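Undergrad: Mind looking over this structure? Questions follow.
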Amino acid sequence: MGVAPIHLQIATQLGERTGPAIAAVIGAMAADGSLVVGDQLPTVRALASELGVSPSTVSEAWRILRDRGVIETDRRRGTRIRRTASTDGGRYWHVPVEPGTLALDLSTGTPDPALLPALATALSQLQVDLGASSYLDEPVVPELSAVLRKQWPFPPEALTVVNGAQDAIDRLIGAVVRFGDRVVVEDPTCPPLLDLLDLAGATVIGVKIDDAGMCPLALADALRDEPVAIFLQPRAHNPTGVSLSVDRADAVANLVAGTSTLVVEDDHSGAVAGADLHSIGTRLPHQCVHIRSFSKSHGPDLRLAAVGGSAAPIDALVRRRQLGPSWTSRLLQRVLLDLLGDKRVQHGVADAERAYAERRTNLISALQERGIEIPTTGSGLNLWVPVRDERDAVVALAAQGIGVAPGSPFKVHDPDHHHVRVTISALPADVSELADALARANQPFGRRTTGV
Ligand SMILES: Cc1ncc(COP(=O)(O)O)c(C=O)c1O
């Protein structure tokens, strides 16, 4: 028995008869394998008449799918499937080397375990009635909610706790981004964000950044496309280390004010960011959701981040989560509450922040001595190091037992310049060998020395 013609398959899956809904159905069919590269789609007129919609509705769907790179139209061959969506987190899994196989793995972006608070102590001190937790309790432990609200950069309309910043981003995308929506991100940015937006069927607009954050002219241009959201990292930007300056936070807020675009701030390094926080939420509290992760400061295995700000997206996240895990372990929330109130832990976290800053400065100085200029204004766990050729650099460094992350998975636009991301959290005290290797990877082709 044959497969139903494409227009019938679309018709049976279609709910609302709008352009974005038609685009979403075809996008989903391309993602689940019902449509493959080269498959011919009906003409605009034929599909419009089959679905009982106007040709302009189908044209709108075609525009969304073309923007997303899913279809292409050519006068002779008509409209065909050009690309099926990736469903496996294509950038994130672009891991160049097997984890754990290198003597010095600086590719991970993770904190130094030696600089995290000892969770065993907090766990052994945990005073909690283990039988008391109920499905009906508040999703956030009330005492933790009070502490977080006090520390929040602006009074949040709503606040909840989720399983880390990445979980927050995933759930917020689920709450606010629909197939074909435009979403602004920093270029470069964190690869999993790009993967998640890809999976949601968003059209990603990359806005370049300088040493103070998103460039206002490029952002103004991007806002003309009426994006539903802007995802940005307010400090210790991964991969570049950039933090939003006061003036730039003002400029971004002024551009976004009066639009319907939501700002999502990912403060992924939180208390060890090594830079002050200038939140868009203090300027636009109703249009901003702020994420604060505790992974880098208190431990990635706590899997805890708080999300606070504009009520509509956070309420939508909480309602949707109710159909899944419902809440984030209150046992772990109590451990975090304990850690946040413990003076020794507070001092330890401040020491860790200083240690990361020292390691970062140490490598920047060593690179500077070898002719590689990296802005000293940055902070956080990663350095964005220019190299002559990204692939060459990753392979040559791996041959010396050094792991670094290739730069291209972080980039929205095709890179003119090549980079690698070097995580500074596990740097040895003597960085001369590493700096030498990075300097060799940075040399132009003509000046390459032989040997090592
Ligand atoms: C920009 C960015 N967002 C989110 C995360 C993930 O944070 P979490 O461990 O809280 O999920 C990371 C991790 O390095 C990150 O760099």
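Naming works like this for the structure tokens: A, B, ... for the chains as they're shown, residue 1 at the start of each chain, ligands 1 onward in shown order.
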Residues at most 8 Å from ligand 1, using only C-alpha atoms and all ligand atoms? Could they come as a list in words?
TA: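 What falls inside 8 Å of ligand 1 is Gly109, Thr110, Asn163, Gly164, Ala165, Gln166, Asp167, Ala168, Ile169, Thr189, Cys190, Leu193, Gln233, His237, Asn238, Pro239, Asp266, Asp267, His268, Ser269, Arg292, Ser293, Phe294, Ser295, Lys296, Pro300, Arg303, Leu304 and Ala305 of chain A.
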Undergrad: What would the file look like if the residues just selected were written as a PDB file, in the first residue's frame with C-alpha atoms?
TA:
ATOM      1  CA  GLY A 109      33.936  24.493  29.938  1.00  0.00           C
ATOM      2  CA  THR A 110      33.473  22.921  33.357  1.00  0.00           C
ATOM      3  CA  ASN A 163      17.637  21.620  36.773  1.00  0.00           C
ATOM      4  CA  GLY A 164      20.430  23.971  35.687  1.00  0.00           C
ATOM      5  CA  ALA A 165      20.705  26.871  33.241  1.00  0.00           C
ATOM      6  CA  GLN A 166      20.530  24.579  30.226  1.00  0.00           C
ATOM      7  CA  ASP A 167      17.233  23.145  31.469  1.00  0.00           C
ATOM      8  CA  ALA A 168      15.972  26.714  31.977  1.00  0.00           C
ATOM      9  CA  ILE A 169      16.893  27.634  28.399  1.00  0.00           C
ATOM     10  CA  THR A 189      27.356  31.814  21.609  1.00  0.00           C
ATOM     11  CA  CYS A 190      27.045  28.523  23.454  1.00  0.00           C
ATOM     12  CA  LEU A 193      21.565  27.076  22.637  1.00  0.00           C
ATOM     13  CA  GLN A 233      24.794  36.079  28.603  1.00  0.00           C
ATOM     14  CA  HIS A 237      30.216  35.102  28.188  1.00  0.00           C
ATOM     15  CA  ASN A 238      30.945  31.600  26.926  1.00  0.00           C
ATOM     16  CA  PRO A 239      33.156  31.501  24.830  1.00  0.00           C
ATOM     17  CA  ASP A 266      21.730  33.366  31.123  1.00  0.00           C
ATOM     18  CA  ASP A 267      23.935  34.101  34.142  1.00  0.00           C
ATOM     19  CA  HIS A 268      25.521  30.660  33.866  1.00  0.00           C
ATOM     20  CA  SER A 269      28.637  31.389  35.932  1.00  0.00           C
ATOM     21  CA  ARG A 292      21.046  32.150  37.679  1.00  0.00           C
ATOM     22  CA  SER A 293      22.925  28.869  37.658  1.00  0.00           C
ATOM     23  CA  PHE A 294      24.649  27.361  40.691  1.00  0.00           C
ATOM     24  CA  SER A 295      26.576  24.762  38.657  1.00  0.00           C
ATOM     25  CA  LYS A 296      29.870  26.656  38.357  1.00  0.00           C
ATOM     26  CA  PRO A 300      27.221  20.978  38.533  1.00  0.00           C
ATOM     27  CA  ARG A 303      21.650  20.518  38.749  1.00  0.00           C
ATOM     28  CA  LEU A 304      20.125  23.744  40.063  1.00  0.00           C
ATOM     29  CA  ALA A 305      19.350  27.103  38.510  1.00  0.00           C
TER      30      ALA A 305
END
Undergrad: Check the DSSP output for the backbone and give back, as an MDAnalysis selection string, the residues of segment 67-239 of chain A in strand (DSSP E or B).
TA: chainID A and resid 71:74 78:81 104:105 158:162 182:187 203:210 213:214 229:232
Undergrad: Just the residues within 8 Å of Val204 of chain A, please, counting only C-alpha atoms, with nothing from its chain fewer than 3 positions along; format it as a ChimeraX atom specification.
TA: /A:182-185,194,197-198,412
Undergrad: Which polymer residues have any atom within 12 Å of an atom of Ile205 of chain A, counting only C-alpha atoms, with same-chain residues fewer than 2 positions away left out, as a ChimeraX atom specification?
TA: /A:67-68,180-189,194,197-198,202-203,207-208,218-231,411-413
Undergrad: Selected residues, N, CA and C atoms, written as an mmCIF file, in the first residue's frame, please.
TA:
data_model
loop_
_atom_site.group_PDB
_atom_site.id
_atom_site.type_symbol
_atom_site.label_atom_id
_atom_site.label_comp_id
_atom_site.auth_asym_id
_atom_site.auth_seq_id
_atom_site.Cartn_x
_atom_site.Cartn_y
_atom_site.Cartn_z
ATOM 1 N N ASP A 67 13.413 30.397 4.965
ATOM 2 C CA ASP A 67 14.301 31.071 5.941
ATOM 3 C C ASP A 67 15.034 30.048 6.800
ATOM 4 N N ARG A 68 14.325 28.964 7.137
ATOM 5 C CA ARG A 68 14.931 27.934 7.999
ATOM 6 C C ARG A 68 15.818 26.978 7.209
ATOM 7 N N GLY A 180 9.491 28.688 13.136
ATOM 8 C CA GLY A 180 9.550 29.836 12.229
ATOM 9 C C GLY A 180 9.777 31.161 12.937
ATOM 10 N N ASP A 181 9.648 31.201 14.276
ATOM 11 C CA ASP A 181 9.905 32.453 15.003
ATOM 12 C C ASP A 181 11.365 32.859 14.855
ATOM 13 N N ARG A 182 11.581 34.161 14.886
ATOM 14 C CA ARG A 182 12.958 34.648 14.849
ATOM 15 C C ARG A 182 13.452 34.837 16.280
ATOM 16 N N VAL A 183 14.703 34.456 16.487
ATOM 17 C CA VAL A 183 15.300 34.566 17.824
ATOM 18 C C VAL A 183 16.706 35.135 17.664
ATOM 19 N N VAL A 184 17.034 36.141 18.482
ATOM 20 C CA VAL A 184 18.352 36.768 18.423
ATOM 21 C C VAL A 184 19.278 36.124 19.451
ATOM 22 N N VAL A 185 20.486 35.839 19.022
ATOM 23 C CA VAL A 185 21.514 35.335 19.949
ATOM 24 C C VAL A 185 22.805 36.105 19.707
ATOM 25 N N GLU A 186 23.713 36.033 20.674
ATOM 26 C CA GLU A 186 25.042 36.601 20.466
ATOM 27 C C GLU A 186 25.803 35.715 19.479
ATOM 28 N N ASP A 187 26.646 36.313 18.685
ATOM 29 C CA ASP A 187 27.481 35.540 17.763
ATOM 30 C C ASP A 187 28.939 35.886 18.049
ATOM 31 N N PRO A 188 29.710 34.952 18.666
ATOM 32 C CA PRO A 188 29.405 33.554 18.948
ATOM 33 C C PRO A 188 28.565 33.383 20.210
ATOM 34 N N THR A 189 28.078 32.145 20.385
ATOM 35 C CA THR A 189 27.356 31.814 21.609
ATOM 36 C C THR A 189 27.549 30.326 21.918
ATOM 37 N N LEU A 194 22.203 27.012 20.285
ATOM 38 C CA LEU A 194 21.940 26.972 18.843
ATOM 39 C C LEU A 194 21.247 25.665 18.465
ATOM 40 N N LEU A 197 17.552 25.843 19.560
ATOM 41 C CA LEU A 197 16.767 26.721 18.689
ATOM 42 C C LEU A 197 16.521 26.046 17.344
ATOM 43 N N ASP A 198 17.519 25.317 16.879
ATOM 44 C CA ASP A 198 17.378 24.549 15.641
ATOM 45 C C ASP A 198 16.242 23.535 15.774
ATOM 46 N N ALA A 202 13.359 27.490 15.088
ATOM 47 C CA ALA A 202 13.500 28.954 15.085
ATOM 48 C C ALA A 202 14.452 29.394 13.976
ATOM 49 N N THR A 203 14.253 30.629 13.518
ATOM 50 C CA THR A 203 15.215 31.249 12.611
ATOM 51 C C THR A 203 16.145 32.082 13.481
ATOM 52 N N VAL A 207 23.867 38.202 16.423
ATOM 53 C CA VAL A 207 24.289 39.603 16.534
ATOM 54 C C VAL A 207 25.708 39.616 17.078
ATOM 55 N N LYS A 208 26.596 40.307 16.385
ATOM 56 C CA LYS A 208 27.995 40.278 16.821
ATOM 57 C C LYS A 208 28.172 41.019 18.154
ATOM 58 N N ALA A 218 23.918 46.462 15.249
ATOM 59 C CA ALA A 218 23.531 45.136 14.746
ATOM 60 C C ALA A 218 22.255 44.664 15.439
ATOM 61 N N LEU A 219 22.118 44.987 16.722
ATOM 62 C CA LEU A 219 20.904 44.572 17.443
ATOM 63 C C LEU A 219 19.691 45.332 16.905
ATOM 64 N N ALA A 220 19.869 46.640 16.653
ATOM 65 C CA ALA A 220 18.752 47.446 16.120
ATOM 66 C C ALA A 220 18.291 46.848 14.795
ATOM 67 N N ASP A 221 19.239 46.439 13.984
ATOM 68 C CA ASP A 221 18.929 45.825 12.698
ATOM 69 C C ASP A 221 18.134 44.535 12.901
ATOM 70 N N ALA A 222 18.601 43.703 13.843
ATOM 71 C CA ALA A 222 17.946 42.409 14.107
ATOM 72 C C ALA A 222 16.528 42.611 14.640
ATOM 73 N N LEU A 223 16.329 43.669 15.425
ATOM 74 C CA LEU A 223 15.003 43.897 16.018
ATOM 75 C C LEU A 223 13.959 44.256 14.962
ATOM 76 N N ARG A 224 14.417 44.735 13.805
ATOM 77 C CA ARG A 224 13.460 45.036 12.714
ATOM 78 C C ARG A 224 12.731 43.774 12.257
ATOM 79 N N ASP A 225 13.337 42.600 12.476
ATOM 80 C CA ASP A 225 12.688 41.336 12.092
ATOM 81 C C ASP A 225 11.732 40.828 13.161
ATOM 82 N N GLU A 226 11.483 41.648 14.178
ATOM 83 C CA GLU A 226 10.527 41.318 15.247
ATOM 84 C C GLU A 226 10.764 39.936 15.867
ATOM 85 N N PRO A 227 11.960 39.716 16.428
ATOM 86 C CA PRO A 227 12.229 38.432 17.091
ATOM 87 C C PRO A 227 11.346 38.259 18.333
ATOM 88 N N VAL A 228 11.002 36.985 18.642
ATOM 89 C CA VAL A 228 10.214 36.756 19.865
ATOM 90 C C VAL A 228 11.091 36.870 21.097
ATOM 91 N N ALA A 229 12.385 36.600 20.939
ATOM 92 C CA ALA A 229 13.258 36.618 22.121
ATOM 93 C C ALA A 229 14.699 36.924 21.736
ATOM 94 N N ILE A 230 15.416 37.451 22.733
ATOM 95 C CA ILE A 230 16.872 37.622 22.629
ATOM 96 C C ILE A 230 17.473 36.782 23.750
ATOM 97 N N PHE A 231 18.386 35.899 23.412
ATOM 98 C CA PHE A 231 19.104 35.148 24.452
ATOM 99 C C PHE A 231 20.489 35.756 24.571
ATOM 100 N N LYS A 411 29.662 29.467 16.494
ATOM 101 C CA LYS A 411 29.404 30.611 15.610
ATOM 102 C C LYS A 411 28.114 30.449 14.815
ATOM 103 N N VAL A 412 27.392 31.556 14.644
ATOM 104 C CA VAL A 412 26.173 31.546 13.836
ATOM 105 C C VAL A 412 26.555 31.725 12.371
ATOM 106 N N HIS A 413 27.418 32.710 12.112
ATOM 107 C CA HIS A 413 27.824 32.989 10.736
ATOM 108 C C HIS A 413 29.127 32.273 10.432
#
Undergrad: Enumerate the residues of segment 222-414 of chain A with a DSSP assignment of alpha helix (DSSP H), computed from the backbone, and present them as a ChimeraX atom specification.
TA: /A:222-223,246-256,295-298,311-322,330-341,343-369,390-399
Undergrad: Excluding His298 of chain A and any residue of its chain fewer than 6 positions from it, enumerate the residues within 12 Å of it, using only C-alpha atoms, and give them as a ChimeraX atom specification.
TA: /A:111-119,122,164,268-272,292,304-305,332-333,335-340,342,345-350,352-353
Undergrad: For Arg149 of chain A, list every protein, DNA or RNA residue within 12 Å, evaluated using only C-alpha atoms, and leave out those in the same chain fewer than 3 positions away; present the list as a list in words.
TA: Val140, Pro142, Glu143, Leu144, Ser145, Ala146, Trp152, Pro153, Phe154, Pro155, Pro156, Glu157, Ala158, Leu159, Thr160, Val161, His290, Arg292, Ala306, Val307, Gly308 and Gly309 of chain A
Undergrad: Please write the residues from the selection above to a file, keeping N, CA and C atoms, as a PDB file, in the first residue's frame.
TA:
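Result file selection28.pdb:
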ATOM      1  N   VAL A 140       9.032  25.359  44.664  1.00  0.00           N
ATOM      2  CA  VAL A 140      10.281  25.918  45.206  1.00  0.00           C
ATOM      3  C   VAL A 140      10.163  25.965  46.727  1.00  0.00           C
ATOM      4  N   PRO A 142      10.051  27.300  50.114  1.00  0.00           N
ATOM      5  CA  PRO A 142       9.759  28.716  50.397  1.00  0.00           C
ATOM      6  C   PRO A 142      10.956  29.508  50.951  1.00  0.00           C
ATOM      7  N   GLU A 143      11.774  28.874  51.832  1.00  0.00           N
ATOM      8  CA  GLU A 143      12.926  29.606  52.389  1.00  0.00           C
ATOM      9  C   GLU A 143      13.941  29.920  51.288  1.00  0.00           C
ATOM     10  N   LEU A 144      14.116  28.984  50.342  1.00  0.00           N
ATOM     11  CA  LEU A 144      15.049  29.238  49.242  1.00  0.00           C
ATOM     12  C   LEU A 144      14.505  30.342  48.338  1.00  0.00           C
ATOM     13  N   SER A 145      13.202  30.292  48.101  1.00  0.00           N
ATOM     14  CA  SER A 145      12.581  31.321  47.269  1.00  0.00           C
ATOM     15  C   SER A 145      12.836  32.708  47.870  1.00  0.00           C
ATOM     16  N   ALA A 146      12.705  32.798  49.210  1.00  0.00           N
ATOM     17  CA  ALA A 146      12.912  34.101  49.875  1.00  0.00           C
ATOM     18  C   ALA A 146      14.349  34.575  49.687  1.00  0.00           C
ATOM     19  N   TRP A 152      17.998  38.601  43.950  1.00  0.00           N
ATOM     20  CA  TRP A 152      17.710  38.763  42.515  1.00  0.00           C
ATOM     21  C   TRP A 152      18.059  40.177  42.065  1.00  0.00           C
ATOM     22  N   PRO A 153      18.551  40.364  40.836  1.00  0.00           N
ATOM     23  CA  PRO A 153      18.948  41.715  40.412  1.00  0.00           C
ATOM     24  C   PRO A 153      17.776  42.684  40.269  1.00  0.00           C
ATOM     25  N   PHE A 154      16.538  42.154  40.213  1.00  0.00           N
ATOM     26  CA  PHE A 154      15.352  43.024  40.112  1.00  0.00           C
ATOM     27  C   PHE A 154      14.181  42.249  40.701  1.00  0.00           C
ATOM     28  N   PRO A 155      13.104  42.918  41.147  1.00  0.00           N
ATOM     29  CA  PRO A 155      12.000  42.153  41.747  1.00  0.00           C
ATOM     30  C   PRO A 155      11.310  41.292  40.688  1.00  0.00           C
ATOM     31  N   PRO A 156      11.423  39.956  40.804  1.00  0.00           N
ATOM     32  CA  PRO A 156      10.830  39.099  39.766  1.00  0.00           C
ATOM     33  C   PRO A 156       9.316  38.971  39.941  1.00  0.00           C
ATOM     34  N   GLU A 157       8.587  39.027  38.844  1.00  0.00           N
ATOM     35  CA  GLU A 157       7.129  38.803  38.912  1.00  0.00           C
ATOM     36  C   GLU A 157       6.849  37.350  39.276  1.00  0.00           C
ATOM     37  N   ALA A 158       7.710  36.445  38.794  1.00  0.00           N
ATOM     38  CA  ALA A 158       7.574  35.014  39.103  1.00  0.00           C
ATOM     39  C   ALA A 158       8.976  34.442  39.234  1.00  0.00           C
ATOM     40  N   LEU A 159       9.113  33.359  40.006  1.00  0.00           N
ATOM     41  CA  LEU A 159      10.430  32.736  40.179  1.00  0.00           C
ATOM     42  C   LEU A 159      10.250  31.236  40.400  1.00  0.00           C
ATOM     43  N   THR A 160      11.080  30.452  39.741  1.00  0.00           N
ATOM     44  CA  THR A 160      11.059  29.017  40.018  1.00  0.00           C
ATOM     45  C   THR A 160      12.483  28.468  39.968  1.00  0.00           C
ATOM     46  N   VAL A 161      12.626  27.204  40.339  1.00  0.00           N
ATOM     47  CA  VAL A 161      13.942  26.556  40.320  1.00  0.00           C
ATOM     48  C   VAL A 161      13.859  25.379  39.360  1.00  0.00           C
ATOM     49  N   HIS A 290      15.573  36.274  33.945  1.00  0.00           N
ATOM     50  CA  HIS A 290      16.971  36.114  34.338  1.00  0.00           C
ATOM     51  C   HIS A 290      17.171  34.687  34.853  1.00  0.00           C
ATOM     52  N   ARG A 292      19.828  32.194  36.861  1.00  0.00           N
ATOM     53  CA  ARG A 292      21.046  32.150  37.679  1.00  0.00           C
ATOM     54  C   ARG A 292      21.380  30.688  37.955  1.00  0.00           C
ATOM     55  N   ALA A 306      18.009  29.006  39.147  1.00  0.00           N
ATOM     56  CA  ALA A 306      16.749  29.707  39.396  1.00  0.00           C
ATOM     57  C   ALA A 306      16.411  30.531  38.161  1.00  0.00           C
ATOM     58  N   VAL A 307      15.119  30.690  37.922  1.00  0.00           N
ATOM     59  CA  VAL A 307      14.634  31.459  36.776  1.00  0.00           C
ATOM     60  C   VAL A 307      13.634  32.466  37.325  1.00  0.00           C
ATOM     61  N   GLY A 308      13.912  33.756  37.143  1.00  0.00           N
ATOM     62  CA  GLY A 308      12.983  34.746  37.699  1.00  0.00           C
ATOM     63  C   GLY A 308      12.821  35.940  36.780  1.00  0.00           C
ATOM     64  N   GLY A 309      11.625  36.510  36.786  1.00  0.00           N
ATOM     65  CA  GLY A 309      11.381  37.707  35.978  1.00  0.00           C
ATOM     66  C   GLY A 309       9.951  37.735  35.494  1.00  0.00           C
TER      67      GLY A 309
END
